[in-house]
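**Student:** Structure file target02.cif (mmCIF, C-alpha atoms) is given on the next line.
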data_work
#
loop_
_atom_site.label_atom_id
_atom_site.label_comp_id
_atom_site.auth_asym_id
_atom_site.auth_seq_id
_atom_site.Cartn_x
_atom_site.Cartn_y
_atom_site.Cartn_z
CA MET A 1 36.19 -5.72 51.19
CA ARG A 2 34.33 -5.73 54.50
CA ILE A 3 30.69 -4.88 55.12
CA ILE A 4 30.09 -3.38 58.56
CA GLU A 5 26.55 -2.78 59.78
CA SER A 6 27.13 -1.93 63.44
CA VAL A 7 27.92 1.65 64.48
CA ALA A 8 30.03 0.37 67.37
CA GLU A 9 32.03 -1.96 65.10
CA MET A 10 32.62 0.83 62.59
CA GLN A 11 33.89 3.09 65.36
CA ARG A 12 36.26 0.38 66.62
CA PHE A 13 37.60 -0.18 63.11
CA THR A 14 38.29 3.49 62.46
CA ARG A 15 39.82 4.09 65.90
CA GLU A 16 42.26 1.26 65.26
CA ALA A 17 43.02 2.59 61.78
CA ARG A 18 43.75 6.07 63.07
CA THR A 19 45.89 4.70 65.89
CA ALA A 20 47.92 2.85 63.25
CA GLY A 21 48.47 6.15 61.42
CA LYS A 22 46.15 5.38 58.51
CA THR A 23 44.29 8.12 56.64
CA ILE A 24 40.59 7.48 56.03
CA ALA A 25 38.57 8.65 53.02
CA LEU A 26 34.76 8.53 53.15
CA VAL A 27 32.20 8.57 50.35
CA PRO A 28 28.71 8.95 51.88
CA THR A 29 25.91 7.55 49.69
CA MET A 30 22.32 6.40 49.87
CA GLY A 31 23.15 3.41 47.69
CA TYR A 32 21.86 2.28 44.31
CA LEU A 33 25.33 3.18 43.11
CA HIS A 34 26.21 4.35 39.61
CA GLU A 35 29.27 5.66 37.79
CA GLY A 36 28.94 9.02 39.52
CA HIS A 37 29.42 7.34 42.89
CA ALA A 38 32.21 5.17 41.50
CA SER A 39 34.09 8.29 40.36
CA LEU A 40 34.02 9.59 43.95
CA MET A 41 35.28 6.27 45.23
CA ARG A 42 38.13 6.09 42.74
CA GLU A 43 39.24 9.57 43.82
CA GLY A 44 38.88 8.56 47.46
CA ARG A 45 41.07 5.54 46.77
CA LYS A 46 43.85 7.95 45.77
CA ARG A 47 43.44 10.10 48.88
CA GLY A 48 43.19 7.61 51.72
CA ASP A 49 44.93 4.52 53.01
CA ILE A 50 41.48 3.19 53.86
CA LEU A 51 38.42 3.93 51.73
CA VAL A 52 35.00 3.70 53.35
CA ALA A 53 31.71 4.03 51.46
CA SER A 54 28.58 4.43 53.54
CA ILE A 55 25.27 3.12 52.20
CA PHE A 56 22.32 4.41 54.18
CA VAL A 57 18.94 5.64 52.97
CA ASN A 58 18.56 8.40 55.53
CA PRO A 59 14.93 8.76 56.66
CA THR A 60 15.37 12.20 58.23
CA GLN A 61 16.01 13.92 54.89
CA PHE A 62 12.75 12.70 53.32
CA GLY A 63 9.53 14.64 53.73
CA PRO A 64 6.20 12.94 54.53
CA SER A 65 5.14 12.96 50.86
CA GLU A 66 8.54 11.96 49.44
CA ASP A 67 9.88 8.65 48.18
CA LEU A 68 11.59 7.04 51.20
CA ASP A 69 9.93 3.63 50.81
CA ALA A 70 10.23 3.68 47.02
CA TYR A 71 13.86 4.82 46.97
CA PRO A 72 15.80 2.15 45.01
CA ARG A 73 17.92 -0.26 47.02
CA ASP A 74 20.24 -3.05 45.83
CA LEU A 75 23.06 -3.93 48.21
CA VAL A 76 24.33 -6.80 46.04
CA ARG A 77 24.73 -4.47 43.08
CA ASP A 78 26.20 -1.75 45.31
CA THR A 79 28.76 -4.18 46.70
CA ALA A 80 29.98 -5.01 43.19
CA VAL A 81 30.29 -1.32 42.24
CA ALA A 82 32.11 -0.46 45.46
CA SER A 83 34.49 -3.40 45.19
CA GLY A 84 35.33 -2.48 41.60
CA ALA A 85 36.15 1.08 42.70
CA GLY A 86 38.57 -0.06 45.39
CA VAL A 87 36.45 0.38 48.53
CA ASP A 88 37.86 -1.30 51.65
CA VAL A 89 34.78 -1.06 53.86
CA ILE A 90 31.08 -0.60 53.17
CA PHE A 91 29.36 0.89 56.19
CA ALA A 92 25.69 -0.06 55.89
CA PRO A 93 24.03 0.74 59.23
CA LYS A 94 20.44 0.00 60.15
CA SER A 95 18.08 2.91 60.72
CA GLY A 96 17.45 1.82 64.31
CA ASP A 97 21.18 1.97 65.05
CA MET A 98 21.57 5.43 63.55
CA TYR A 99 18.38 6.79 65.12
CA PRO A 100 17.63 4.71 68.22
CA HIS A 101 14.41 5.05 70.18
CA GLY A 102 14.18 8.45 71.80
CA TYR A 103 16.56 10.11 69.35
CA GLN A 104 16.13 13.91 69.48
CA THR A 105 19.37 15.66 68.45
CA TYR A 106 19.75 17.37 65.06
CA VAL A 107 22.26 19.60 63.29
CA ASN A 108 20.85 22.58 61.41
CA ALA A 109 22.54 25.03 59.06
CA GLU A 110 20.72 28.31 58.52
CA GLU A 111 20.84 30.64 55.48
CA LEU A 112 22.34 28.27 52.91
CA THR A 113 19.47 25.83 53.44
CA LEU A 114 16.67 28.32 52.74
CA PRO A 115 16.69 28.76 48.93
CA LEU A 116 16.60 26.24 46.07
CA CYS A 117 15.83 22.72 47.36
CA GLY A 118 15.35 24.05 50.88
CA ALA A 119 12.41 26.19 49.80
CA SER A 120 10.30 23.23 48.72
CA ARG A 121 11.79 20.41 50.85
CA THR A 122 11.23 21.58 54.40
CA GLY A 123 13.56 19.82 56.83
CA HIS A 124 15.55 18.11 54.08
CA PHE A 125 18.87 19.74 54.85
CA ARG A 126 18.44 19.29 58.60
CA GLY A 127 18.36 15.58 57.83
CA VAL A 128 21.40 15.84 55.57
CA THR A 129 23.56 17.78 58.03
CA THR A 130 22.51 15.51 60.88
CA VAL A 131 23.34 12.25 59.12
CA VAL A 132 26.60 13.56 57.67
CA THR A 133 27.68 14.74 61.12
CA LYS A 134 26.86 11.29 62.49
CA LEU A 135 28.81 9.60 59.69
CA PHE A 136 31.78 11.89 60.31
CA ASN A 137 31.69 11.04 64.03
CA ILE A 138 31.40 7.31 63.36
CA VAL A 139 33.86 6.89 60.47
CA MET A 140 36.22 9.69 61.58
CA PRO A 141 37.49 10.41 58.04
CA HIS A 142 40.33 12.73 57.14
CA VAL A 143 38.71 13.45 53.78
CA ALA A 144 35.12 13.16 52.50
CA LEU A 145 34.01 13.29 48.88
CA PHE A 146 30.68 14.56 47.51
CA GLY A 147 29.35 15.11 44.01
CA LYS A 148 28.68 18.58 42.65
CA LYS A 149 25.34 17.48 41.19
CA ASP A 150 23.94 18.07 44.68
CA PHE A 151 25.60 21.49 44.73
CA GLN A 152 23.55 22.99 47.53
CA GLN A 153 24.21 19.94 49.69
CA LEU A 154 27.95 20.33 49.06
CA ALA A 155 27.81 24.03 49.97
CA VAL A 156 25.87 23.29 53.16
CA ILE A 157 28.27 20.54 54.24
CA ARG A 158 31.29 22.77 53.60
CA ARG A 159 29.68 25.50 55.70
CA MET A 160 28.88 23.05 58.48
CA VAL A 161 32.43 21.65 58.53
CA SER A 162 33.84 25.18 58.70
CA ASP A 163 31.38 26.45 61.31
CA LEU A 164 31.82 23.44 63.60
CA HIS A 165 35.62 23.29 63.18
CA MET A 166 35.55 19.72 61.88
CA ASP A 167 39.03 18.59 60.90
CA ILE A 168 37.89 17.08 57.60
CA GLU A 169 38.77 18.01 54.02
CA VAL A 170 35.60 18.16 51.91
CA ILE A 171 36.14 17.55 48.20
CA GLY A 172 33.54 18.33 45.53
CA MET A 173 33.76 16.13 42.44
CA PRO A 174 32.47 16.94 38.92
CA ILE A 175 29.04 15.83 37.71
CA VAL A 176 29.15 12.55 35.78
CA ARG A 177 26.78 12.42 32.83
CA GLU A 178 25.36 9.86 30.46
CA ASP A 179 26.51 10.07 26.84
CA ASP A 180 23.48 12.24 25.98
CA GLY A 181 24.14 14.66 28.87
CA LEU A 182 21.69 13.46 31.51
CA ALA A 183 23.27 13.78 34.96
CA MET A 184 23.64 10.37 36.59
CA SER A 185 21.29 9.94 39.53
CA SER A 186 19.81 7.05 41.46
CA ARG A 187 16.39 8.60 40.79
CA ASN A 188 16.86 8.12 37.04
CA ALA A 189 15.69 4.56 37.72
CA TYR A 190 12.18 5.96 38.21
CA LEU A 191 12.01 7.31 34.66
CA GLN A 192 10.02 5.49 31.98
CA PRO A 193 11.60 5.47 28.47
CA GLU A 194 9.65 8.51 27.27
CA GLU A 195 10.34 10.34 30.54
CA ARG A 196 14.02 9.53 30.15
CA GLN A 197 14.04 11.42 26.85
CA ASN A 198 12.02 14.27 28.33
CA ALA A 199 14.57 14.59 31.14
CA LEU A 200 17.18 15.75 28.63
CA CYS A 201 15.52 19.17 28.74
CA LEU A 202 17.57 19.91 31.87
CA TYR A 203 20.87 19.43 30.09
CA ARG A 204 19.66 21.31 27.00
CA ALA A 205 18.67 24.25 29.20
CA LEU A 206 22.05 24.31 30.94
CA ALA A 207 23.90 24.13 27.63
CA ALA A 208 21.76 26.89 26.12
CA ALA A 209 22.36 29.22 29.07
CA ARG A 210 26.09 28.58 28.95
CA GLY A 211 26.11 29.21 25.19
CA LEU A 212 24.24 32.48 25.62
CA PHE A 213 26.62 33.48 28.38
CA ASN A 214 29.64 32.64 26.21
CA ASP A 215 28.17 34.88 23.52
CA GLY A 216 28.30 37.78 25.96
CA GLU A 217 24.88 37.80 27.66
CA ARG A 218 25.09 38.74 31.35
CA SER A 219 21.48 39.56 32.22
CA VAL A 220 20.10 36.90 34.55
CA LYS A 221 16.58 37.83 33.44
CA ILE A 222 17.36 37.04 29.80
CA LEU A 223 19.35 33.91 30.64
CA ARG A 224 16.55 32.59 32.82
CA GLU A 225 13.93 33.29 30.14
CA ARG A 226 15.89 31.08 27.75
CA VAL A 227 16.14 28.29 30.31
CA VAL A 228 12.46 28.40 31.23
CA ARG A 229 11.38 28.49 27.59
CA LEU A 230 13.39 25.39 26.69
CA ILE A 231 12.09 23.37 29.62
CA ALA A 232 8.52 24.52 28.97
CA GLU A 233 8.73 22.96 25.50
CA VAL A 234 8.44 19.58 27.24
CA PRO A 235 4.82 19.18 28.41
CA ALA A 236 5.76 16.56 31.02
CA ALA A 237 8.28 18.90 32.67
CA SER A 238 7.35 21.08 35.62
CA ILE A 239 9.92 23.55 36.98
CA ASP A 240 10.47 23.64 40.73
CA TYR A 241 13.20 26.24 40.32
CA ALA A 242 15.59 27.63 37.71
CA GLU A 243 17.90 29.97 39.59
CA PHE A 244 21.13 31.88 39.01
CA ARG A 245 23.04 32.12 42.28
CA ASN A 246 26.38 33.07 43.77
CA LYS A 247 28.11 29.68 44.01
CA ASP A 248 29.54 30.40 47.47
CA THR A 249 26.67 32.15 49.26
CA LEU A 250 23.75 30.96 47.05
CA GLU A 251 22.48 34.54 46.99
CA ALA A 252 20.28 35.48 44.02
CA LEU A 253 21.92 37.53 41.27
CA GLU A 254 20.77 39.99 38.62
CA THR A 255 24.03 39.94 36.65
CA ALA A 256 25.92 36.75 35.82
CA ASP A 257 29.66 36.18 35.73
CA GLU A 258 31.91 33.17 35.18
CA SER A 259 31.41 31.88 38.72
CA THR A 260 27.59 32.08 38.62
CA LEU A 261 25.76 28.87 39.46
CA LEU A 262 22.73 27.91 37.37
CA ALA A 263 20.72 25.43 39.44
CA LEU A 264 17.69 23.49 38.20
CA ALA A 265 15.06 21.32 39.85
CA VAL A 266 12.49 19.93 37.43
CA ARG A 267 9.81 17.28 37.80
CA ILE A 268 9.50 14.87 34.91
CA GLY A 269 6.21 13.19 35.63
CA LYS A 270 6.48 12.22 39.30
CA THR A 271 10.29 12.23 39.40
CA ARG A 272 12.12 15.29 40.69
CA LEU A 273 15.53 15.77 39.07
CA ILE A 274 18.22 18.32 39.86
CA ASP A 275 21.15 19.53 37.79
CA ASN A 276 23.45 22.52 37.66
CA CYS A 277 26.42 24.16 36.01
CA THR A 278 28.81 27.00 36.69
CA LEU A 279 28.57 29.29 33.67
CA GLY A 280 32.30 29.76 33.27
CA GLU A 281 33.21 26.07 33.64
CA GLU A 282 33.01 23.18 31.20
CA ASN A 283 31.06 20.70 33.36
#
Step by step, read the file and then write its structure as structure tokens.
**Tutor:**
Amino acid sequence: MRIIESVAEMQRFTREARTAGKTIALVPTMGYLHEGHASLMREGRKRGDILVASIFVNPTQFGPSEDLDAYPRDLVRDTAVASGAGVDVIFAPKSGDMYPHGYQTYVNAEELTLPLCGASRTGHFRGVTTVVTKLFNIVMPHVALFGKKDFQQLAVIRRMVSDLHMDIEVIGMPIVREDDGLAMSSRNAYLQPEERQNALCLYRALAAARGLFNDGERSVKILRERVVRLIAEVPAASIDYAEFRNKDTLEALETADESTLLALAVRIGKTRLIDNCTLGEEN
């Protein structure tokens, strides 16, 4: 497995690979890899002759009061996870190479970025779409894999790829959970033991809403009341949003169906966690 830090070297590598007729699969990450990332990489291994995993903590998607400096980093650990999942190349660029002095060009999606995380994280998705576009231009993948835990991010990237006619297949992969249901996330490392237990309120709320839906309830008002009540039982939990949305357009709904997305963002202490489910699906 190679580790490439230079943008120019990564571009040379992928140009040569494409010229040789190789298909390239890309898994973009911000590092501090866990089993959720590894599941994307294993799927990417099946879909490409060459599997690239990018590791880059992207500064443009962090707000001024967010955790850029504190975001966990461990390239040695990440290298072991990536190697075990069959990665051929880790692309780990430096911030100054990705955003050189005088940088001023950004990619911005519109309506899909306004609700949910976009409502409270101004500029976040502009940073996401910009860095993903840059990664696509540098790595030139045929296929890119993203986790469904960041469902809005996945929807925004799919919209961007479609709108800008990018010749890339975007694959959304199921959420990977701990044995007790907590969605795997790099930010779980911030949680103290008691907070880790408190964080299970997200999964309990999702399961309760799905159970109520399976029993025949379709009123979003009633489903949301159940979700909010369960999370409110945990004093350390503070709801950013608990929303029922159309999974394609992210429009708000009054009546749920099997394709309705339930999306949560909840702060446990100082740590903001997100999770989601589609009511008619198992995961």
**Student:** Just so the selection is clear, what residues does the PyMOL selection byres ((chain A and resi 3) around 8) cover here, as a list in words?
**Tutor:**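 Checking the PyMOL selection byres ((chain A and resi 3) around 8) against this file, the residues are Met1, Arg2, Ile4, Glu5, Val89, Ile90, Phe91 and Ala92 of chain A.
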**Student:** List, as a short mmCIF file (atom, residue, chain, number, x, y, z; two decimals) with C-alpha atoms, in the frame of the given file, every residue that the PyMOL selection byres ((chain A and resi 227-234) around 9) selects in the file provided.
**Tutor:**
data_model
loop_
_atom_site.label_atom_id
_atom_site.label_comp_id
_atom_site.auth_asym_id
_atom_site.auth_seq_id
_atom_site.Cartn_x
_atom_site.Cartn_y
_atom_site.Cartn_z
CA ASN A 198 12.02 14.27 28.33
CA ALA A 199 14.57 14.59 31.14
CA CYS A 201 15.52 19.17 28.74
CA LEU A 202 17.57 19.91 31.87
CA ARG A 204 19.66 21.31 27.00
CA ALA A 205 18.67 24.25 29.20
CA LEU A 206 22.05 24.31 30.94
CA ALA A 208 21.76 26.89 26.12
CA ALA A 209 22.36 29.22 29.07
CA ILE A 222 17.36 37.04 29.80
CA LEU A 223 19.35 33.91 30.64
CA ARG A 224 16.55 32.59 32.82
CA GLU A 225 13.93 33.29 30.14
CA ARG A 226 15.89 31.08 27.75
CA PRO A 235 4.82 19.18 28.41
CA ALA A 236 5.76 16.56 31.02
CA ALA A 237 8.28 18.90 32.67
CA SER A 238 7.35 21.08 35.62
CA ILE A 239 9.92 23.55 36.98
CA ALA A 242 15.59 27.63 37.71
CA VAL A 266 12.49 19.93 37.43
#
**Student:** Please evaluate the PyMOL selection byres ((chain A and resi 246) around 12) against the structure above and give the resulting residues as a list of chain:residue names.
**Tutor:** A:Leu112, A:Pro115, A:Phe151, A:Gln152, A:Ala155, A:Val220, A:Glu243, A:Phe244, A:Arg245, A:Lys247, A:Asp248, A:Thr249, A:Leu250, A:Glu251, A:Ala252, A:Leu253, A:Glu254, A:Thr255, A:Ala256, A:Asp257, A:Glu258, A:Ser259, A:Thr260, A:Leu261, A:Leu262, A:Ala263, A:Cys277, A:Thr278, A:Leu279
**Student:** Excluding same-chain residues fewer than 4 positions from region 133-150 of chain A, what lies within 7 Å of it counting all atoms listed in the file, as a PyMOL selection string?
**Tutor:** chain A and resi 7+10-11+14+23-27+40+44+129+154+168-175+275-276
**Student:** If we count only C-alpha atoms and set the cut-off at 7 Å, which residues sit around region 62-67 of chain A, ignoring sequence neighbours fewer than 4 positions away in its own chain? Please answer as a VMD selection string.
**Tutor:** chain A and resid 71 121 124
**Student:** Compile the contact shell of Tyr203 (chain A) as a list in words: residues with an atom at most 7 Å away, counting all atoms listed in the file, same-chain residues fewer than 3 positions apart removed.
**Tutor:** Gly181, Leu182, Leu200, Leu206 and Ala207 of chain A
**Student:** Can you pull out the residues contacting Arg126 (chain A)? Cut-off 7 Å, using only C-alpha atoms, and skip same-chain residues under 3 positions away; I want them as a VMD selection string.
**Tutor:** chain A and resid 61 106 to 108 123 129 to 130
**Student:** Provide an axis-aligned box for all listed atoms of region 193-200 of chain A, padding each side by 3 Å; report its centre and its edge lengths in Å to one decimal, as JSON.
**Tutor:**
{"center_x": 13.4, "center_y": 10.6, "center_z": 29.0, "size_x": 13.5, "size_y": 16.3, "size_z": 10.3}
**Student:** What does the distance from CA of Tyr103 (chain A) to CA of Asn58 (chain A) come to in Å, to one decimal?
**Tutor:**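 Separation between CA of Tyr103 (chain A) and CA of Asn58 (chain A): 14.1 Å.
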**Student:** Tell me, in Å to one decimal, how far CA of Glu195 (chain A) is from CA of Glu282 (chain A).
**Tutor:**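 Computing it gives 26.1 Å between the two atoms.
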**Student:** Between A:Ile274, A:Gln153, A:Ser186, A:Gly280, which has the minimum distance to Phe213 (chain A) (counting all atoms listed in the file)?
**Tutor:**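 Closest to Phe213 (chain A), using all atoms listed in the file: A:Gly280.
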**Student:** Between CA of Leu114 (chain A) and CA of Val156 (chain A), what is the distance in Å, rounded to a tenth?
**Tutor:** 10.5 Å
**Student:** Restricting the calculation to only C-alpha atoms, which member of A:Arg15, A:Lys94, A:Asp215, A:Leu33 is positioned closest to Ala189 (chain A)?
**Tutor:**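 Among the listed residues, the smallest separation from Ala189 (chain A) belongs to A:Leu33.
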**Student:** Under the rule that only C-alpha atoms are counted, which of A:Met166, A:Gln197, A:Asp78, A:Val131 is the nearest residue to Glu178 (chain A)?
**Tutor:** A:Gln197
**Student:** I'd like to know which of A:His34, A:Arg218, A:Arg18, A:Arg73 is closest to Gly48 (chain A), using all atoms listed in the file.
**Tutor:**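 Of all the options, A:Arg18 lies closest to Gly48 (chain A).
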**Student:** Using only C-alpha atoms, which of A:Glu110, A:Asp97, A:Asp180, A:Leu273 sits nearest Ala8 (chain A)?
**Tutor:**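 Selected residue with least distance to Ala8 (chain A): A:Asp97.
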**Student:** Any idea what's packed within 9 Å of Val87 (chain A), counting only C-alpha atoms, ignoring anything in its chain fewer than 3 positions away? Could you give it as a list of chain:residue names?
**Tutor:**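 Listing them by chain and then by number gives A:Met1, A:Arg2, A:Met41, A:Arg42, A:Gly44, A:Arg45, A:Ile50, A:Leu51, A:Val52, A:Ala53, A:Val81, A:Ala82, A:Ser83, A:Gly84, A:Ile90.
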**Student:** Would you mind telling me which residue in A:Arg77, A:Phe125, A:Asp240, A:Thr19 lies nearest to Met160 (chain A) when using all atoms listed in the file?
**Tutor:** A:Phe125
